[in-house]
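**Q** Supplied structure: protein24.tsv, TSV, C-alpha atoms.
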```
chain	number	residue	atom	x	y	z
A	221	MET	CA	11.06	-8.30	7.30
A	222	PHE	CA	8.43	-6.20	9.00
A	223	ILE	CA	9.81	-4.17	11.88
A	224	GLY	CA	7.84	-3.23	14.98
A	225	ASP	CA	7.37	0.27	16.39
A	226	SER	CA	10.50	1.29	18.27
A	227	GLY	CA	8.69	2.32	21.45
A	228	ASP	CA	6.28	-0.58	21.88
A	229	GLY	CA	6.09	-1.82	25.47
A	230	GLN	CA	8.80	0.52	26.86
A	231	ALA	CA	8.30	2.44	30.13
A	232	MET	CA	8.96	6.18	30.24
A	233	GLN	CA	12.43	7.10	31.46
A	234	GLY	CA	12.56	7.28	35.26
A	235	GLU	CA	9.08	5.84	35.72
A	236	ARG	CA	8.79	3.15	38.37
A	237	VAL	CA	6.66	0.21	37.25
A	238	LYS	CA	4.93	-1.75	39.96
A	239	ALA	CA	5.06	-5.48	39.43
A	240	PRO	CA	1.69	-7.25	39.67
A	241	SER	CA	1.15	-10.24	41.87
A	242	SER	CA	2.23	-13.56	40.40
A	243	GLY	CA	-1.34	-14.79	40.07
A	244	SER	CA	-2.65	-11.72	38.29
A	245	SER	CA	0.47	-11.66	36.09
A	246	LYS	CA	-0.12	-15.20	34.88
A	247	GLU	CA	-3.77	-14.48	34.19
A	248	ALA	CA	-2.90	-11.30	32.29
A	249	VAL	CA	-0.26	-13.07	30.19
A	250	ALA	CA	-2.64	-15.91	29.38
A	251	ALA	CA	-5.43	-13.52	28.45
A	252	SER	CA	-3.09	-11.43	26.30
A	253	ALA	CA	-1.73	-14.50	24.53
A	254	ASN	CA	-5.26	-15.74	23.87
A	255	ARG	CA	-6.37	-12.37	22.48
A	256	ASP	CA	-3.29	-12.07	20.31
A	257	GLY	CA	-3.72	-15.63	19.04
A	258	GLN	CA	-7.33	-15.04	18.10
A	259	SER	CA	-6.51	-11.68	16.53
A	260	PHE	CA	-3.62	-13.13	14.56
A	261	VAL	CA	-5.72	-15.96	13.14
A	262	GLY	CA	-8.58	-13.65	12.35
A	263	VAL	CA	-6.58	-10.85	10.76
A	264	HIS	CA	-4.46	-13.27	8.72
A	265	ALA	CA	-7.56	-14.98	7.35
A	266	GLN	CA	-9.32	-11.68	6.61
A	267	LEU	CA	-6.31	-10.03	5.00
A	268	ARG	CA	-5.53	-13.09	2.91
A	269	ALA	CA	-9.12	-13.45	1.72
A	270	SER	CA	-9.31	-9.74	0.86
A	271	ILE	CA	-6.08	-9.89	-1.15
A	272	LEU	CA	-7.01	-13.08	-3.01
A	273	ALA	CA	-10.47	-11.77	-3.88
A	274	GLY	CA	-9.03	-8.46	-5.06
A	275	HIS	CA	-10.84	-6.39	-2.42
A	276	ILE	CA	-7.42	-5.01	-1.52
A	277	PRO	CA	-6.12	-4.28	-5.04
A	278	ALA	CA	-2.85	-5.70	-6.34
A	279	GLY	CA	-0.12	-3.06	-6.11
A	280	ALA	CA	-1.93	-1.05	-3.43
A	281	THR	CA	0.22	0.42	-0.66
A	282	THR	CA	-1.01	0.93	2.88
A	283	SER	CA	0.35	1.22	6.40
A	284	GLN	CA	0.37	-1.08	9.37
A	285	ALA	CA	-1.50	1.62	11.29
A	286	ALA	CA	-4.28	1.72	8.69
A	287	LEU	CA	-4.61	-2.06	8.64
A	288	SER	CA	-4.58	-2.21	12.43
A	289	SER	CA	-7.45	0.27	12.54
A	290	GLU	CA	-9.44	-1.36	9.74
A	291	PHE	CA	-9.29	-4.86	11.17
A	292	GLY	CA	-9.48	-3.80	14.81
A	293	VAL	CA	-6.33	-5.59	15.96
A	294	GLY	CA	-3.12	-4.67	17.74
A	295	ARG	CA	0.20	-4.18	16.01
A	296	THR	CA	1.73	-7.42	17.29
A	297	PRO	CA	-0.82	-9.87	15.81
A	298	LEU	CA	-0.96	-7.72	12.67
A	299	ARG	CA	2.79	-7.97	12.17
A	300	GLU	CA	2.62	-11.75	12.59
A	301	ALA	CA	-0.13	-11.95	9.98
A	302	LEU	CA	1.87	-9.76	7.60
A	303	ARG	CA	4.97	-11.91	8.05
A	304	MET	CA	2.95	-14.95	7.02
A	305	LEU	CA	1.57	-13.14	3.98
A	306	GLN	CA	5.04	-11.90	3.08
A	307	ARG	CA	6.46	-15.43	3.17
A	308	GLU	CA	3.60	-16.50	0.92
A	309	GLY	CA	4.47	-13.72	-1.53
A	310	LEU	CA	1.21	-11.81	-1.18
A	311	VAL	CA	2.63	-8.69	0.47
A	312	ILE	CA	5.93	-6.82	0.22
A	313	SER	CA	7.48	-4.77	3.00
A	314	GLU	CA	8.08	-1.06	2.47
A	315	PRO	CA	9.96	1.52	4.59
A	316	ASN	CA	8.26	3.22	7.54
A	317	HIS	CA	5.98	0.30	8.43
A	318	ARG	CA	4.20	0.38	5.09
A	319	VAL	CA	3.21	-2.67	3.06
A	320	ARG	CA	2.45	-3.19	-0.60
A	321	ILE	CA	0.15	-5.86	-2.01
A	322	ALA	CA	2.04	-8.00	-4.52
A	323	GLU	CA	1.30	-6.98	-8.08
A	324	LEU	CA	-0.09	-9.26	-10.74
A	325	SER	CA	2.52	-10.05	-13.36
A	326	SER	CA	3.03	-12.20	-16.43
A	327	ASP	CA	6.05	-13.96	-14.98
A	328	ASP	CA	4.27	-14.70	-11.72
A	329	VAL	CA	1.20	-16.28	-13.28
A	330	GLU	CA	3.29	-18.30	-15.73
A	331	GLU	CA	5.30	-19.68	-12.82
A	332	LEU	CA	2.10	-20.42	-10.90
A	333	TYR	CA	0.79	-22.54	-13.74
A	334	ILE	CA	4.11	-24.28	-14.29
A	335	MET	CA	3.89	-25.38	-10.66
A	336	ARG	CA	0.17	-26.17	-10.73
A	337	ILE	CA	0.33	-28.27	-13.86
A	338	ALA	CA	3.50	-30.08	-12.83
A	339	LEU	CA	2.21	-30.95	-9.36
A	340	GLU	CA	-1.39	-31.73	-10.20
A	341	THR	CA	-0.79	-33.87	-13.26
A	342	ILE	CA	1.46	-36.05	-11.11
A	343	ALA	CA	-0.98	-35.99	-8.17
A	344	VAL	CA	-3.84	-37.05	-10.48
A	345	ARG	CA	-1.77	-39.97	-11.75
A	346	VAL	CA	-1.23	-41.08	-8.15
A	347	THR	CA	-4.87	-40.61	-7.15
A	348	VAL	CA	-6.91	-41.98	-10.07
A	349	PRO	CA	-5.93	-45.63	-9.47
A	350	VAL	CA	-7.15	-45.48	-5.85
A	351	LEU	CA	-10.43	-43.60	-6.35
A	352	THR	CA	-13.29	-45.50	-4.72
A	353	PRO	CA	-16.95	-45.67	-5.78
A	354	THR	CA	-17.65	-43.24	-2.94
A	355	ASP	CA	-15.04	-40.83	-4.29
A	356	LEU	CA	-16.55	-41.01	-7.76
A	357	ALA	CA	-20.07	-40.49	-6.41
A	358	GLU	CA	-18.93	-37.43	-4.50
A	359	LEU	CA	-17.13	-36.10	-7.57
A	360	GLU	CA	-20.43	-36.42	-9.44
A	361	GLY	CA	-22.07	-34.47	-6.63
A	362	PHE	CA	-19.50	-31.69	-6.90
A	363	MET	CA	-20.05	-31.68	-10.64
A	364	ALA	CA	-23.80	-31.26	-10.14
A	365	GLN	CA	-23.27	-28.36	-7.75
A	366	MET	CA	-20.86	-26.69	-10.16
A	367	THR	CA	-23.44	-27.05	-12.93
A	368	HIS	CA	-26.13	-25.47	-10.74
A	369	TYR	CA	-23.99	-22.44	-9.88
A	370	GLY	CA	-22.39	-22.16	-13.31
A	371	LYS	CA	-25.72	-21.97	-15.11
A	372	THR	CA	-26.71	-18.99	-12.99
A	373	ASP	CA	-23.29	-17.30	-13.17
A	374	ASN	CA	-23.00	-17.58	-9.40
A	375	TRP	CA	-19.23	-17.78	-9.28
A	376	PHE	CA	-19.12	-17.23	-5.52
A	377	GLY	CA	-21.22	-20.34	-4.90
A	378	TYR	CA	-19.34	-22.20	-7.64
A	379	ARG	CA	-15.99	-21.81	-5.93
A	380	ALA	CA	-16.53	-24.32	-3.08
A	381	PRO	CA	-17.61	-27.39	-5.12
A	382	HIS	CA	-15.05	-26.48	-7.80
A	383	ARG	CA	-12.29	-26.59	-5.21
A	384	GLU	CA	-13.62	-29.83	-3.72
A	385	PHE	CA	-13.71	-31.38	-7.19
A	386	HIS	CA	-10.06	-30.62	-7.85
A	387	ASP	CA	-8.99	-31.53	-4.31
A	388	ARG	CA	-10.58	-34.96	-4.56
A	389	LEU	CA	-8.63	-35.72	-7.73
A	390	VAL	CA	-5.27	-35.21	-5.98
A	391	TYR	CA	-5.89	-36.36	-2.40
A	392	ALA	CA	-3.70	-39.49	-2.58
A	393	ALA	CA	-0.54	-37.50	-3.33
A	394	GLY	CA	-0.08	-36.72	0.37
A	395	ALA	CA	-0.55	-33.85	2.79
A	396	ARG	CA	2.52	-31.83	1.80
A	397	VAL	CA	1.68	-31.94	-1.89
A	398	ARG	CA	-1.96	-31.09	-1.24
A	399	ALA	CA	-0.99	-28.12	0.93
A	400	GLU	CA	1.17	-26.74	-1.87
A	401	ILE	CA	-1.59	-27.34	-4.42
A	402	ASP	CA	-4.09	-25.52	-2.17
A	403	GLU	CA	-1.83	-22.48	-1.90
A	404	LEU	CA	-1.27	-22.38	-5.66
A	405	PHE	CA	-5.04	-22.65	-6.20
A	406	ASP	CA	-5.55	-19.57	-4.02
A	407	HIS	CA	-2.83	-17.55	-5.75
A	408	ALA	CA	-4.22	-18.43	-9.15
A	409	GLU	CA	-7.63	-17.21	-7.98
A	410	ARG	CA	-6.32	-13.63	-7.95
A	411	TYR	CA	-5.72	-13.88	-11.68
A	412	ARG	CA	-8.91	-15.77	-12.51
A	413	LEU	CA	-11.06	-13.18	-10.77
A	414	ARG	CA	-9.15	-10.16	-12.04
A	415	PHE	CA	-9.24	-11.24	-15.68
A	416	GLY	CA	-12.60	-13.01	-15.73
A	417	ALA	CA	-10.96	-16.33	-16.50
A	418	GLN	CA	-13.90	-18.51	-15.50
A	419	GLY	CA	-14.82	-18.68	-19.18
A	420	ALA	CA	-18.11	-19.84	-20.67
A	421	TRP	CA	-19.77	-22.38	-18.39
A	422	GLU	CA	-20.58	-24.83	-21.20
A	423	GLU	CA	-16.89	-25.11	-22.09
A	424	ARG	CA	-15.82	-25.47	-18.49
A	425	ALA	CA	-18.50	-28.06	-17.79
A	426	ALA	CA	-17.32	-30.12	-20.75
A	427	GLU	CA	-13.73	-29.97	-19.52
A	428	HIS	CA	-14.64	-31.09	-15.99
A	429	ARG	CA	-16.88	-33.85	-17.36
A	430	ALA	CA	-14.07	-35.18	-19.56
A	431	ILE	CA	-11.63	-35.21	-16.62
A	432	LEU	CA	-14.14	-37.02	-14.40
A	433	ASP	CA	-15.01	-39.58	-17.08
A	434	ALA	CA	-11.32	-40.37	-17.61
A	435	ALA	CA	-10.80	-40.73	-13.86
A	436	ALA	CA	-13.84	-43.00	-13.55
A	437	ALA	CA	-12.45	-45.17	-16.35
A	438	GLY	CA	-9.10	-45.39	-14.56
A	439	ASP	CA	-7.33	-43.75	-17.49
A	440	THR	CA	-4.48	-41.92	-15.74
A	441	ASP	CA	-2.90	-40.63	-18.96
A	442	ALA	CA	-6.13	-39.08	-20.21
A	443	ALA	CA	-7.08	-37.62	-16.82
A	444	SER	CA	-3.65	-36.04	-16.46
A	445	GLU	CA	-3.56	-34.51	-19.93
A	446	LEU	CA	-7.18	-33.32	-19.76
A	447	LEU	CA	-6.43	-31.59	-16.47
A	448	ALA	CA	-3.41	-29.86	-18.02
A	449	ALA	CA	-5.52	-28.78	-21.00
A	450	HIS	CA	-8.16	-27.42	-18.59
A	451	TYR	CA	-5.56	-25.25	-16.87
A	452	LEU	CA	-4.08	-24.12	-20.17
A	453	HIS	CA	-7.53	-22.83	-21.11
A	454	THR	CA	-7.38	-20.63	-17.99
A	455	VAL	CA	-3.87	-19.52	-18.94
A	456	ARG	CA	-5.07	-18.40	-22.37
A	457	LEU	CA	-7.93	-16.41	-20.83
A	458	VAL	CA	-5.67	-14.72	-18.27
A	459	PHE	CA	-2.97	-13.78	-20.76
A	460	SER	CA	-5.47	-12.46	-23.26
A	461	GLY	CA	-6.19	-9.72	-20.75
A	462	LEU	CA	-2.87	-9.47	-18.93
A	463	ASP	CA	-0.20	-9.71	-21.62
A	464	PRO	CA	-1.13	-11.26	-24.99
A	465	ASP	CA	2.45	-11.07	-26.25
A	466	HIS	CA	4.09	-12.77	-23.29
A	467	ASP	CA	6.50	-15.58	-24.22
A	468	LEU	CA	5.19	-18.77	-22.58
A	469	SER	CA	8.23	-20.85	-23.49
A	470	ARG	CA	8.89	-21.91	-19.88
A	471	LEU	CA	5.33	-23.14	-19.44
A	472	ARG	CA	5.47	-24.86	-22.82
A	473	ALA	CA	8.64	-26.71	-21.80
A	474	ALA	CA	7.11	-27.84	-18.50
A	475	VAL	CA	3.90	-29.09	-20.12
A	476	GLY	CA	5.98	-30.91	-22.72
A	477	VAL	CA	7.48	-32.98	-19.91
A	478	VAL	CA	4.45	-33.76	-17.72
A	479	ALA	CA	1.53	-33.70	-20.21
A	480	PRO	CA	2.84	-33.49	-23.77
A	481	GLY	CA	-0.55	-34.28	-25.29
A	482	ALA	CA	-1.92	-31.03	-23.87
A	483	LEU	CA	0.57	-28.84	-25.74
A	484	VAL	CA	-1.89	-28.43	-28.61
A	485	HIS	CA	-4.01	-26.31	-26.23
A	486	LEU	CA	-1.26	-23.75	-25.61
```
The structure given in the file should be rewritten as structure tokens.
**A**
Amino acid sequence: MFIGDSGDGQAMQGERVKAPSSGSSKEAVAASANRDGQSFVGVHAQLRASILAGHIPAGATTSQAALSSEFGVGRTPLREALRMLQREGLVISEPNHRVRIAELSSDDVEELYIMRIALETIAVRVTVPVLTPTDLAELEGFMAQMTHYGKTDNWFGYRAPHREFHDRLVYAAGARVRAEIDELFDHAERYRLRFGAQGAWEERAAEHRAILDAAAAGDTDAASELLAAHYLHTVRLVFSGLDPDHDLSRLRAAVGVVAPGALVHL
């Protein structure tokens, strides 16, 4: 757990502190709480985005003081943001108020994809039967946007419709499941960006088209297994750069349960 500075907020020994009037005290507390709330939200979002995009490199070590200065926030909202990131597994506490960005590892990314494939293949099976014509039309729209950005290698622009595409295919699984899927998507992004796992656009376009066609046909089995195969393609690209000799037996066992037809792609 991150620990605050030992002297924060303490008066000097023997110093008499004059209490403010009740009205000014309430206004000061409210203003401070508002500033801290805004700072916490802002610094958490900025830190998280920087870590996920690799702007703060995996394995890098820094201090709370340095982060406080860089993001222009006080220690209290910074510590709250770091606690959130620590619970999410993106940062690790170090002695003397230092923090380390979680490293990329073979075990971590294998576990990420075990969870992603297990959750999303089930969520797709729940969602495909209730997709409406409007849903399918919007999925086609996301597909068109992805094609536009993919053809020009604009992976920054590609990210938003790509996320919307995958989100729409799992929306009926419920808020808790979707929140977990969203977090796993973000964590996987660290690996995709670091190891260039977007792949050739033509291949990716064909995979998304096949998933969408199966969903439009109401074929839950095909949509589920095609989604698993799509993610296994990413796994192969990541591990080719990260650790080609890593034993993927745990992932293989999980896929064998939730999407056995996709095992040929691993």
**Q** Grab the CA of Ala285 (chain A) to CA of Phe260 (chain A) distance for me, in Å with one decimal place.
**A**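 Going from CA of Ala285 (chain A) over to CA of Phe260 (chain A) covers 15.3 Å.
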**Q** Which polymer residues, whether protein, DNA or RNA, lie within 9 Å of the coordinate (-3.5, -22.3, -8.4) when you count all atoms listed in the file? List them as a ChimeraX atom specification, using the chain letters and numbers from the file.
**A** /A:332-333,335-337,401-409
**Q** Any idea what the distance is between CA of Ala301 (chain A) and CA of Gly394 (chain A)?
**A** 26.6 Å
**Q** Of the candidates A:Thr341, A:Thr440, A:Thr367, A:Ser460, which shows the shortest atom-to-atom distance to Ala474 (chain A), using all atoms listed in the file?
**A**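 Under the stated criterion, the closest residue is A:Thr341.
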**Q** Which one is closest to Val477 (chain A): A:Ala448, A:Leu324, A:Ala280, A:Val263? Count all atoms listed in the file.
**A**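 Closest to Val477 (chain A) of all the choices is A:Ala448.
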**Q** Using only C-alpha atoms, determine which residues lie at most 12 Å from Leu468 (chain A), disregarding the query and same-chain residues fewer than 2 positions distant; provide the list as a ChimeraX atom specification.
**A** /A:326-331,333-334,452,455-456,459,463-466,470-475,483,486
**Q** State, in Å with one decimal place, the distance from CA of Gln266 (chain A) to CA of Ser289 (chain A).
**A**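 Here the two named atoms are 13.5 Å from each other.
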**Q** Do a neighbour search on Leu413 (chain A) at 10 Å with all atoms listed in the file, toss out local chain neighbours closer than 5 positions, and write the hits as a list in words.
**A**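 Listing them by chain and then by number gives Leu272, Ala273, Gly274, Trp375, Ala408, Gln418 and Val458 of chain A.
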**Q** Can you tell me which residues surround Ala443 (chain A) at a distance of at most 12 Å, considering all atoms listed in the file, apart from same-chain residues fewer than 3 positions away, and format the answer as a ChimeraX atom specification?
**A** /A:340-349,386,389-390,427-440,446-450,479,481-482
**Q** As a PyMOL selection string, please: the residues near Ser288 (chain A) (cut-off 12 Å, only C-alpha atoms, same-chain neighbours under 2 positions excluded).
**A** chain A and resi 259-260+263-264+267+282-286+290-302+317-318
